[in-house]
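**Student:** Hey, dropping work.txt in here, compact mmCIF, C-alpha atoms:
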# COMPACT_ATOMS: atom_id res chain seq x y z
CA MET A 49 0.00 0.00 0.00
CA VAL A 50 1.19 3.48 -0.90
CA VAL A 51 0.89 5.71 2.13
CA VAL A 52 0.41 9.41 1.49
CA ARG A 53 3.26 11.39 3.01
CA THR A 54 2.84 14.97 4.12
CA VAL A 55 5.22 17.24 5.97
CA THR A 56 3.18 20.44 6.05
CA SER A 57 0.12 19.15 7.94
CA PHE A 58 0.06 20.13 11.61
CA GLY A 59 0.94 16.77 13.17
CA ARG A 60 1.84 14.59 10.11
CA SER A 61 -0.85 12.17 11.25
CA GLY A 62 -4.51 12.46 10.30
CA THR A 63 -5.60 11.13 13.69
CA PHE A 64 -3.44 13.71 15.47
CA ASP A 65 -4.79 16.59 13.35
CA TRP A 66 -8.37 15.40 13.79
CA LEU A 67 -8.00 15.24 17.57
CA TYR A 68 -6.31 18.65 17.82
CA GLN A 69 -8.97 20.21 15.61
CA ARG A 70 -11.61 19.06 18.11
CA VAL A 71 -9.69 19.82 21.30
CA THR A 72 -8.93 23.36 20.12
CA ALA A 73 -12.58 23.80 19.13
CA VAL A 74 -13.63 22.98 22.70
CA VAL A 75 -11.08 25.47 24.09
CA LEU A 76 -12.36 28.15 21.74
CA ILE A 77 -16.02 27.64 22.61
CA ALA A 78 -15.12 27.78 26.32
CA TYR A 79 -13.16 31.01 25.81
CA LEU A 80 -15.93 32.53 23.70
CA LEU A 81 -18.60 31.69 26.28
CA PHE A 82 -16.42 33.07 29.07
CA ILE A 83 -15.70 36.37 27.31
CA VAL A 84 -19.32 36.90 26.21
CA GLY A 85 -20.52 35.91 29.69
CA PHE A 86 -18.09 38.33 31.31
CA ILE A 87 -19.18 41.21 29.08
CA PHE A 88 -22.86 40.69 29.86
CA LEU A 89 -22.67 39.52 33.48
CA ALA A 90 -19.86 41.60 35.02
CA LYS A 91 -20.99 44.39 37.33
CA ASP A 92 -20.06 47.87 36.03
CA PHE A 93 -18.50 46.44 32.90
CA GLY A 94 -16.02 48.92 31.53
CA TYR A 95 -12.32 49.64 31.10
CA GLN A 96 -11.65 49.08 34.80
CA ALA A 97 -13.24 45.61 34.94
CA TRP A 98 -11.69 44.61 31.62
CA SER A 99 -8.15 45.64 32.57
CA GLU A 100 -8.45 44.02 36.00
CA LEU A 101 -9.54 40.78 34.32
CA PHE A 102 -6.55 40.76 32.00
CA ALA A 103 -4.15 41.75 34.77
CA GLN A 104 -4.58 38.30 36.32
CA ARG A 105 -2.15 35.62 35.31
CA TRP A 106 -4.76 32.86 34.83
CA MET A 107 -6.65 35.09 32.37
CA ARG A 108 -3.47 35.75 30.41
CA VAL A 109 -2.70 32.05 30.30
CA PHE A 110 -6.30 31.23 29.33
CA SER A 111 -6.10 33.86 26.56
CA LEU A 112 -2.77 32.50 25.37
CA VAL A 113 -4.17 28.96 25.24
CA ALA A 114 -7.14 30.30 23.26
CA LEU A 115 -4.81 32.19 20.91
CA LEU A 116 -2.69 29.06 20.29
CA SER A 117 -5.91 27.12 19.75
CA VAL A 118 -6.96 29.61 17.05
CA ILE A 119 -3.58 29.21 15.37
CA ILE A 120 -3.67 25.39 15.47
CA HIS A 121 -7.35 25.19 14.48
CA ALA A 122 -6.81 27.60 11.60
CA TRP A 123 -3.69 25.83 10.41
CA ILE A 124 -5.38 22.40 10.28
CA GLY A 125 -8.49 23.81 8.60
CA LEU A 126 -6.75 26.04 6.07
CA TRP A 127 -4.19 23.35 5.27
CA SER A 128 -7.13 21.10 4.31
CA VAL A 129 -8.60 23.84 2.14
CA VAL A 130 -5.25 24.52 0.44
CA THR A 131 -4.61 20.84 -0.27
CA ASP A 132 -8.17 20.43 -1.56
CA TYR A 133 -8.12 23.28 -4.06
CA ILE A 134 -4.46 23.77 -5.03
CA THR A 135 -3.60 20.30 -6.31
CA ASN A 136 -1.08 19.12 -8.88
CA ARG A 137 -3.72 16.80 -10.29
CA VAL A 138 -5.79 19.79 -11.44
CA MET A 139 -3.20 22.55 -11.88
CA GLY A 140 -0.04 20.66 -12.83
CA GLY A 141 3.47 21.45 -11.58
CA LYS A 142 2.80 25.07 -10.67
CA ALA A 143 0.51 23.86 -7.85
CA THR A 144 3.55 22.79 -5.81
CA ALA A 145 5.04 26.29 -5.83
CA LEU A 146 1.68 27.97 -5.24
CA ARG A 147 0.76 25.62 -2.38
CA LEU A 148 4.15 26.10 -0.72
CA PHE A 149 3.81 29.88 -1.08
CA VAL A 150 0.33 29.93 0.49
CA GLU A 151 1.42 27.59 3.30
CA THR A 152 4.49 29.72 4.02
CA ALA A 153 2.37 32.87 4.09
CA LEU A 154 -0.08 31.20 6.49
CA ALA A 155 2.80 30.03 8.71
CA ALA A 156 4.27 33.56 8.77
CA ILE A 157 0.89 35.00 9.78
CA ALA A 158 0.54 32.34 12.48
CA VAL A 159 3.94 33.21 14.00
CA LEU A 160 3.24 36.94 13.73
CA TYR A 161 -0.10 36.65 15.52
CA THR A 162 1.32 34.40 18.23
CA VAL A 163 4.20 36.75 19.08
CA TRP A 164 2.00 39.83 18.78
CA GLY A 165 -0.66 38.24 20.98
CA ILE A 166 1.89 37.39 23.71
CA GLU A 167 3.18 40.98 23.59
CA ILE A 168 -0.34 42.34 24.02
CA LEU A 169 -1.30 39.92 26.81
CA TRP A 170 1.81 40.55 28.89
CA GLY A 171 2.27 44.14 27.78
CA VAL A 172 -0.68 45.76 29.47
CA MET B 245 -44.19 11.57 -23.72
CA LEU B 246 -41.05 11.29 -21.59
CA LYS B 247 -38.37 13.87 -22.32
CA VAL B 248 -34.85 12.53 -21.81
CA SER B 249 -31.70 14.62 -21.87
CA ILE B 250 -28.48 12.60 -22.04
CA TYR B 251 -24.84 13.59 -21.75
CA ARG B 252 -23.10 12.64 -24.98
CA TYR B 253 -19.38 12.61 -25.65
CA ASN B 254 -17.36 10.65 -28.12
CA PRO B 255 -13.73 11.80 -27.79
CA GLU B 256 -12.98 10.56 -31.33
CA THR B 257 -15.52 12.83 -33.01
CA ASP B 258 -16.72 15.45 -30.50
CA LYS B 259 -14.72 18.51 -29.49
CA ALA B 260 -16.73 18.88 -26.29
CA PRO B 261 -19.47 17.03 -24.43
CA TYR B 262 -23.08 18.08 -25.12
CA MET B 263 -26.59 17.18 -23.96
CA GLN B 264 -28.76 15.35 -26.47
CA ASP B 265 -32.55 15.38 -26.15
CA TYR B 266 -34.68 12.32 -26.81
CA GLU B 267 -38.40 11.64 -26.54
CA LEU B 268 -39.89 8.31 -25.59
CA ASP B 269 -43.43 7.00 -25.32
CA THR B 270 -43.47 5.03 -22.08
CA GLN B 271 -47.15 4.05 -22.60
CA GLY B 272 -47.81 5.13 -19.04
CA LYS B 273 -45.55 2.48 -17.56
CA ASP B 274 -43.30 3.22 -14.61
CA LEU B 275 -40.14 1.95 -16.30
CA MET B 276 -36.74 1.76 -14.71
CA VAL B 277 -34.19 4.26 -16.03
CA LEU B 278 -32.18 1.39 -17.53
CA ASP B 279 -35.26 0.29 -19.53
CA VAL B 280 -35.45 3.81 -20.95
CA LEU B 281 -31.78 3.65 -21.96
CA GLU B 282 -32.26 0.25 -23.62
CA LEU B 283 -35.29 1.53 -25.58
CA LEU B 284 -33.36 4.61 -26.69
CA LYS B 285 -30.34 2.51 -27.67
CA ALA B 286 -32.61 0.45 -29.91
CA GLU B 287 -33.25 3.70 -31.84
CA ASP B 288 -29.77 5.21 -31.51
CA ALA B 289 -27.10 2.52 -31.39
CA THR B 290 -24.30 5.06 -30.73
CA LEU B 291 -25.61 5.72 -27.22
CA SER B 292 -23.14 4.12 -24.80
CA PHE B 293 -23.61 3.01 -21.21
CA ARG B 294 -22.57 0.13 -18.97
CA ARG B 295 -25.04 -2.47 -17.72
CA SER B 296 -25.00 -6.10 -16.82
CA CYS B 297 -27.32 -7.76 -14.31
CA ARG B 298 -30.15 -5.16 -14.55
CA GLU B 299 -31.20 -5.88 -10.96
CA GLY B 300 -28.96 -3.83 -8.71
CA VAL B 301 -26.39 -6.52 -8.00
CA CYS B 302 -23.49 -5.90 -10.36
CA GLY B 303 -23.04 -2.17 -9.90
CA SER B 304 -22.30 -1.46 -13.57
CA ASP B 305 -24.90 1.19 -14.31
CA GLY B 306 -24.14 3.78 -11.66
CA MET B 307 -24.83 7.22 -13.14
CA ASN B 308 -26.11 10.66 -12.26
CA ILE B 309 -29.89 10.44 -12.65
CA SER B 310 -31.68 13.80 -12.62
CA GLY B 311 -28.97 15.20 -10.39
CA ARG B 312 -28.61 12.28 -8.01
CA ASN B 313 -26.23 9.33 -8.27
CA GLY B 314 -27.95 5.96 -8.47
CA LEU B 315 -28.27 2.69 -10.34
CA ALA B 316 -30.27 3.06 -13.56
CA CYS B 317 -31.68 -0.46 -13.18
CA THR B 318 -33.24 0.10 -9.76
CA THR B 319 -34.37 3.72 -10.14
CA PRO B 320 -37.96 4.01 -11.41
CA LEU B 321 -39.13 6.93 -13.54
CA SER B 322 -41.67 7.87 -10.88
CA GLU B 323 -38.70 8.74 -8.68
CA ALA B 324 -36.24 10.08 -11.27
CA ALA B 325 -38.64 11.94 -13.58
CA PRO B 326 -41.84 12.86 -11.70
CA LYS B 327 -42.47 15.65 -14.24
CA ASN B 328 -41.64 13.49 -17.26
CA LYS B 329 -38.21 15.02 -17.65
CA LEU B 330 -35.20 12.76 -17.15
CA VAL B 331 -31.61 14.01 -17.17
CA LEU B 332 -28.78 11.45 -17.37
CA ARG B 333 -25.13 12.28 -16.84
CA PRO B 334 -22.03 10.15 -16.10
CA LEU B 335 -20.87 9.79 -12.49
CA PRO B 336 -19.52 13.22 -11.45
CA GLY B 337 -15.79 13.87 -11.28
CA MET B 338 -14.75 10.77 -13.21
CA PRO B 339 -12.92 10.93 -16.58
CA VAL B 340 -15.48 10.17 -19.31
CA ILE B 341 -14.55 7.45 -21.78
CA ARG B 342 -17.71 7.86 -23.82
CA ASP B 343 -21.25 9.10 -23.08
CA LEU B 344 -22.23 7.58 -19.72
CA VAL B 345 -19.18 5.30 -19.50
CA VAL B 346 -16.52 6.54 -17.07
CA ASP B 347 -12.95 5.52 -16.33
CA MET B 348 -13.03 3.74 -12.94
CA GLU B 349 -9.23 3.29 -12.69
CA LEU B 350 -8.63 5.65 -9.73
CA PHE B 351 -11.66 4.26 -7.92
CA TYR B 352 -10.29 0.71 -8.14
CA GLU B 353 -6.83 1.99 -7.23
CA GLN B 354 -8.27 3.26 -3.92
CA TYR B 355 -10.05 -0.06 -3.39
CA LYS B 356 -6.77 -1.90 -3.97
CA LYS B 357 -5.04 0.27 -1.33
CA ILE B 358 -7.19 -1.06 1.50
CA GLU B 359 -6.16 -4.66 0.70
CA PRO B 360 -9.68 -6.04 0.34
CA TYR B 361 -8.99 -9.60 1.38
CA LEU B 362 -8.74 -11.51 4.66
CA GLN B 363 -5.26 -11.57 6.15
CA ASN B 364 -4.55 -14.33 8.61
CA ASP B 365 -1.18 -16.07 9.04
CA THR B 366 -2.32 -18.72 11.51
CA PRO B 367 -2.60 -22.29 10.15
CA ALA B 368 -5.92 -22.82 8.40
CA PRO B 369 -8.24 -25.16 10.32
CA ALA B 370 -9.49 -28.36 8.66
CA ILE B 371 -12.86 -26.95 7.62
CA GLU B 372 -13.17 -23.21 7.95
CA ARG B 373 -12.42 -20.27 10.23
CA LEU B 374 -15.48 -20.09 12.43
CA GLN B 375 -17.24 -16.94 13.58
CA SER B 376 -19.84 -16.57 16.29
CA PRO B 377 -23.20 -15.17 15.15
CA GLN B 378 -22.29 -11.95 17.01
CA GLU B 379 -18.98 -11.65 15.15
CA ARG B 380 -20.69 -12.30 11.84
CA GLU B 381 -23.31 -9.67 12.62
CA LYS B 382 -20.63 -6.98 12.63
CA LEU B 383 -20.22 -7.44 8.88
CA ASP B 384 -23.85 -6.64 8.13
CA GLY B 385 -24.18 -3.31 6.38
CA LEU B 386 -20.60 -3.64 5.10
CA TYR B 387 -20.34 -6.73 2.91
CA GLU B 388 -23.35 -5.75 0.77
CA CYS B 389 -21.40 -3.03 -1.11
CA ILE B 390 -21.34 -3.66 -4.88
CA LEU B 391 -18.67 -1.04 -5.70
CA CYS B 392 -20.94 0.92 -8.05
CA ALA B 393 -19.05 4.15 -7.11
CA CYS B 394 -22.26 6.16 -6.59
CA CYS B 395 -21.07 7.21 -3.11
CA SER B 396 -17.46 8.11 -3.85
CA THR B 397 -18.46 10.17 -6.90
CA ALA B 398 -21.01 12.09 -4.80
CA CYS B 399 -18.28 13.09 -2.35
CA PRO B 400 -16.60 16.52 -2.79
CA SER B 401 -13.51 15.36 -0.87
CA TYR B 402 -13.21 12.52 -3.39
CA TRP B 403 -13.65 14.95 -6.29
CA TRP B 404 -10.74 17.09 -5.04
CA ASN B 405 -8.39 14.24 -4.06
CA PRO B 406 -9.37 11.01 -5.84
CA ASP B 407 -5.71 10.00 -5.84
CA LYS B 408 -5.22 10.42 -2.07
CA PHE B 409 -8.56 10.14 -0.28
CA ILE B 410 -9.76 6.53 -0.31
CA GLY B 411 -13.38 7.62 -0.53
CA PRO B 412 -16.54 6.22 1.07
CA ALA B 413 -16.68 3.00 -0.98
CA GLY B 414 -13.09 2.01 -0.20
CA LEU B 415 -13.42 2.99 3.46
CA LEU B 416 -16.62 1.01 3.93
CA GLN B 417 -14.74 -2.01 2.57
CA SER B 418 -11.74 -1.18 4.73
CA TYR B 419 -13.93 -1.30 7.83
CA ARG B 420 -15.46 -4.55 6.60
CA PHE B 421 -12.00 -6.14 7.06
CA LEU B 422 -11.12 -4.20 10.22
CA ALA B 423 -14.34 -5.47 11.79
CA ASP B 424 -13.82 -9.09 10.70
CA SER B 425 -12.84 -11.34 13.62
CA ARG B 426 -10.90 -13.61 11.25
CA ASP B 427 -8.64 -10.83 9.98
CA LEU B 428 -5.41 -10.37 11.95
CA ALA B 429 -3.88 -7.42 10.10
CA THR B 430 -5.83 -4.77 12.02
CA ASP B 431 -2.80 -2.85 13.22
CA GLU B 432 -1.09 -2.73 9.81
CA ARG B 433 -4.38 -1.71 8.20
CA LEU B 434 -4.83 1.14 10.67
CA SER B 435 -1.22 2.27 10.23
CA ASN B 436 -1.83 2.53 6.51
CA LEU B 437 -4.83 4.81 7.11
CA ASP B 438 -3.30 7.22 9.62
CA ASP B 439 -2.17 9.93 7.18
CA PRO B 440 -4.15 13.19 6.79
CA PHE B 441 -5.76 12.14 3.47
CA SER B 442 -6.82 8.47 3.37
CA VAL B 443 -9.55 8.65 6.03
CA PHE B 444 -9.50 12.17 7.40
CA ARG B 445 -10.55 13.95 4.22
CA CYS B 446 -14.02 12.75 5.20
CA HIS B 447 -15.85 15.66 6.80
CA SER B 448 -18.98 13.60 7.46
CA ILE B 449 -21.31 15.46 5.10
CA GLN B 450 -23.04 12.14 4.35
CA ASN B 451 -23.56 12.58 0.59
CA CYS B 452 -22.49 8.93 0.41
CA VAL B 453 -25.27 7.82 2.76
CA ASN B 454 -27.76 9.91 0.83
CA VAL B 455 -27.09 8.24 -2.54
CA CYS B 456 -26.11 4.63 -1.71
CA PRO B 457 -28.47 2.44 -3.77
CA LYS B 458 -28.00 -0.40 -1.30
CA GLY B 459 -28.94 1.76 1.70
CA LEU B 460 -25.51 1.41 3.33
CA ASN B 461 -23.88 3.94 5.62
CA PRO B 462 -20.21 4.63 4.73
CA THR B 463 -20.09 7.65 7.09
CA ARG B 464 -20.80 5.39 10.07
CA ALA B 465 -18.10 2.94 8.94
CA ILE B 466 -15.63 5.83 8.61
CA GLY B 467 -16.59 6.91 12.14
CA HIS B 468 -15.74 3.42 13.39
CA ILE B 469 -12.33 3.54 11.64
CA ARG B 470 -11.68 6.95 13.19
CA ASN B 471 -12.54 5.58 16.63
CA MET B 472 -10.19 2.63 16.12
CA LEU B 473 -7.38 5.00 15.07
CA LEU B 474 -8.08 7.25 18.04
CA THR B 475 -8.28 4.40 20.54
CA ARG B 476 -4.88 3.26 19.36
CA ALA B 477 -3.37 6.74 19.46
CA VAL B 478 -4.42 8.28 22.77
How does this structure look as structure tokens?
**Tutor:**
Amino acid sequence: MVVVRTVTSFGRSGTFDWLYQRVTAVVLIAYLLFIVGFIFLAKDFGYQAWSELFAQRWMRVFSLVALLSVIIHAWIGLWSVVTDYITNRVMGGKATALRLFVETALAAIAVLYTVWGIEILWGV
Amino acid sequence: MLKVSIYRYNPETDKAPYMQDYELDTQGKDLMVLDVLELLKAEDATLSFRRSCREGVCGSDGMNISGRNGLACTTPLSEAAPKNKLVLRPLPGMPVIRDLVVDMELFYEQYKKIEPYLQNDTPAPAIERLQSPQEREKLDGLYECILCACCSTACPSYWWNPDKFIGPAGLLQSYRFLADSRDLATDERLSNLDDPFSVFRCHSIQNCVNVCPKGLNPTRAIGHIRNMLLTRAV
């Protein structure tokens, strides 16, 4: 049997990617519910409450985990989209270069957002 | 009068595929789509399609019938052409050899990948390898597949990656051997499926379940494979 080899997928293994896609989705829904809940349920919601929330270490860590989850979730999802639509079977040899370019751009954005996010979380 | 519109393409004479319109007097009978094709072929011998058993067992006449994949021999006009308008196209996403005849090479290639045969190195017993009724029951809903390709060619993931994604038909068969108590190659089989394409291009949209002329459920089988892979991996 010819096994398909990939080096640009998140975890090289389909099972690994599938699991991480779901775990990160759970983290993101938890974070979303928490943030929306905080906005609507906090007493005197405003700059003060917001900055006090993000001054706590657990909130920064929770936010960082959510940020990393976005990055991982987006990478797995967009990698699937890229490998669905930019294929050598349909586009010929130029698909390799185009796919690599798009994947590199996505990776650069992922790193940029991660570093930028950490700066914001620990910078205020 | 039944109006029939059929996809025609002869690569030797036609620059591009086109739809040809036919009319047929069904005399009020609820014919099967294959009967319609046979009657039309009697008038126009150039019309090409595959058929063999004409009773939903061989899987030769899978085609796109009024927008939905199915077997021509088991699809009645009352279902496919309620308004007396029948549209026939080849299975979507497959290379067309001529008219409704498609090249199934990649489809069989995927089938071959899952090693569709029992693997068991232990010495064969004198009569046969026995299964309990419970073990045999696990194969129900799996062994009935006739490889007509209606499911795989209804699957967008298969359209995009027919060379990498095994597709619903192949995966249903794969699970048929993973679930078989007599097969001992479970671990090797799972290892061969662990990459991001073979199984995991399935996003469970269930087009395969929707069209299967045998009423099988490839999505459920794929779910079982996923669980087996996960159980092994976490």
**Student:** Considering only C-alpha atoms, return as a list in words whatever protein or nucleic-acid residues lie within 8 Å of segment 306-323 of chain B, sequence-local ones (same chain, fewer than 6 positions apart) excluded.
**Tutor:**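 That gives Asp274, Leu275, Met276, Val277, Leu278, Asp279, Arg298, Glu299, Gly300, Leu330, Val331, Leu332, Arg333, Pro334, Leu335, Pro336, Leu344, Cys392, Ala393, Cys394, Cys395, Thr397, Ala398, Val455, Cys456 and Pro457 of chain B.
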**Student:** May I have the selected residues written with C-alpha atoms, as a PDB file, in the frame of the given file?
**Tutor:**
ATOM      1  CA  ASP B 274     -43.300   3.220 -14.610  1.00  0.00           C
ATOM      2  CA  LEU B 275     -40.140   1.950 -16.300  1.00  0.00           C
ATOM      3  CA  MET B 276     -36.740   1.760 -14.710  1.00  0.00           C
ATOM      4  CA  VAL B 277     -34.190   4.260 -16.030  1.00  0.00           C
ATOM      5  CA  LEU B 278     -32.180   1.390 -17.530  1.00  0.00           C
ATOM      6  CA  ASP B 279     -35.260   0.290 -19.530  1.00  0.00           C
ATOM      7  CA  ARG B 298     -30.150  -5.160 -14.550  1.00  0.00           C
ATOM      8  CA  GLU B 299     -31.200  -5.880 -10.960  1.00  0.00           C
ATOM      9  CA  GLY B 300     -28.960  -3.830  -8.710  1.00  0.00           C
ATOM     10  CA  LEU B 330     -35.200  12.760 -17.150  1.00  0.00           C
ATOM     11  CA  VAL B 331     -31.610  14.010 -17.170  1.00  0.00           C
ATOM     12  CA  LEU B 332     -28.780  11.450 -17.370  1.00  0.00           C
ATOM     13  CA  ARG B 333     -25.130  12.280 -16.840  1.00  0.00           C
ATOM     14  CA  PRO B 334     -22.030  10.150 -16.100  1.00  0.00           C
ATOM     15  CA  LEU B 335     -20.870   9.790 -12.490  1.00  0.00           C
ATOM     16  CA  PRO B 336     -19.520  13.220 -11.450  1.00  0.00           C
ATOM     17  CA  LEU B 344     -22.230   7.580 -19.720  1.00  0.00           C
ATOM     18  CA  CYS B 392     -20.940   0.920  -8.050  1.00  0.00           C
ATOM     19  CA  ALA B 393     -19.050   4.150  -7.110  1.00  0.00           C
ATOM     20  CA  CYS B 394     -22.260   6.160  -6.590  1.00  0.00           C
ATOM     21  CA  CYS B 395     -21.070   7.210  -3.110  1.00  0.00           C
ATOM     22  CA  THR B 397     -18.460  10.170  -6.900  1.00  0.00           C
ATOM     23  CA  ALA B 398     -21.010  12.090  -4.800  1.00  0.00           C
ATOM     24  CA  VAL B 455     -27.090   8.240  -2.540  1.00  0.00           C
ATOM     25  CA  CYS B 456     -26.110   4.630  -1.710  1.00  0.00           C
ATOM     26  CA  PRO B 457     -28.470   2.440  -3.770  1.00  0.00           C
TER      27      PRO B 457
END
**Student:** Residues of chain B that have any atom at most 6 Å from an atom of chain A: could you tabulate them with the shortest-distance atom pair and the distance in Å to one decimal, using only C-alpha atoms, ordered by chain and increasing number, as a tab-separated table?
**Tutor:**
residue	atom	partner	partner_atom	distance
B:Lys357	CA	A:Met49	CA	5.2
B:Trp404	CA	A:Asp132	CA	5.5
B:Asp438	CA	A:Gly62	CA	5.4
B:Asp439	CA	A:Gly62	CA	4.6
B:Pro440	CA	A:Gly62	CA	3.6
B:Phe444	CA	A:Gly62	CA	5.8
**Student:** Would you please work out which residue, of B:Leu416, B:Ala286, B:Leu422, B:Ile410, is nearest to Ser442 of chain B when using only C-alpha atoms?
**Tutor:**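 Of all the options, B:Ile410 lies closest to Ser442 of chain B.
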**Student:** With 3 Å of padding per side, what axis-aligned box (centre and edge lengths, Å, one decimal) covers all the listed atoms of segment 61-69 of chain A? Give it as lines of an AutoDock Vina configuration file.
**Tutor:**
center_x = -4.9
center_y = 15.7
center_z = 14.1
size_x = 14.1
size_y = 15.1
size_z = 13.5
**Student:** Do a neighbour search on Val118 of chain A at 9 Å with all atoms listed in the file, toss out local chain neighbours closer than 6 positions, and write the hits as a PyMOL selection string.
**Tutor:** chain A and resi 72-73+76
**Student:** Would you mind reading off the distance between atom CA of Pro406 of chain B and atom CA of Leu350 of chain B, one decimal, in Å?
**Tutor:**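 Separation between atom CA of Pro406 of chain B and atom CA of Leu350 of chain B: 6.7 Å.
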**Student:** To one decimal place in Å, what is the distance between atom CA of Glu282 of chain B and atom CA of Tyr262 of chain B?
**Tutor:**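 A separation of 20.1 Å between them.
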**Student:** Would you mind telling me which residue in A:Val75, A:Thr152, A:Gly171, A:Ile166 lies nearest to Ser117 of chain A when using only C-alpha atoms?
**Tutor:** A:Val75
**Student:** So the first atom is atom CA of Ala78 of chain A and the second is atom CA of Ala97 of chain A; what is the distance between them in Å, to one decimal place?
**Tutor:**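 Calculated distance between atom CA of Ala78 of chain A and atom CA of Ala97 of chain A is 19.9 Å.
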**Student:** Could you pull the residues within 8 Å of Glu388 of chain B, counting all atoms listed in the file, minus those fewer than 2 positions along the same chain, as a count of residues only?
**Tutor:** 6
**Student:** With distances taken over all atoms listed in the file, which of B:Leu291, B:Arg252, B:Cys446, B:Cys297 is nearest to Trp403 of chain B?
**Tutor:**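 Under the stated criterion, the closest residue is B:Cys446.
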**Student:** For Thr430 of chain B, please output as a PyMOL selection string all residues within 12 Å (counting only C-alpha atoms; exclusion window: fewer than 2 positions along the same chain).
**Tutor:** chain B and resi 358-359+362-364+418-428+432-437+469+472-473+476
**Student:** Would you list the contacts of Gln69 of chain A as an NGL selection string, taking every protein, DNA or RNA residue within 8 Å and counting only C-alpha atoms, but skipping same-chain residues closer than 5 positions in sequence?
**Tutor:** :A and (120-121 or 124-125)
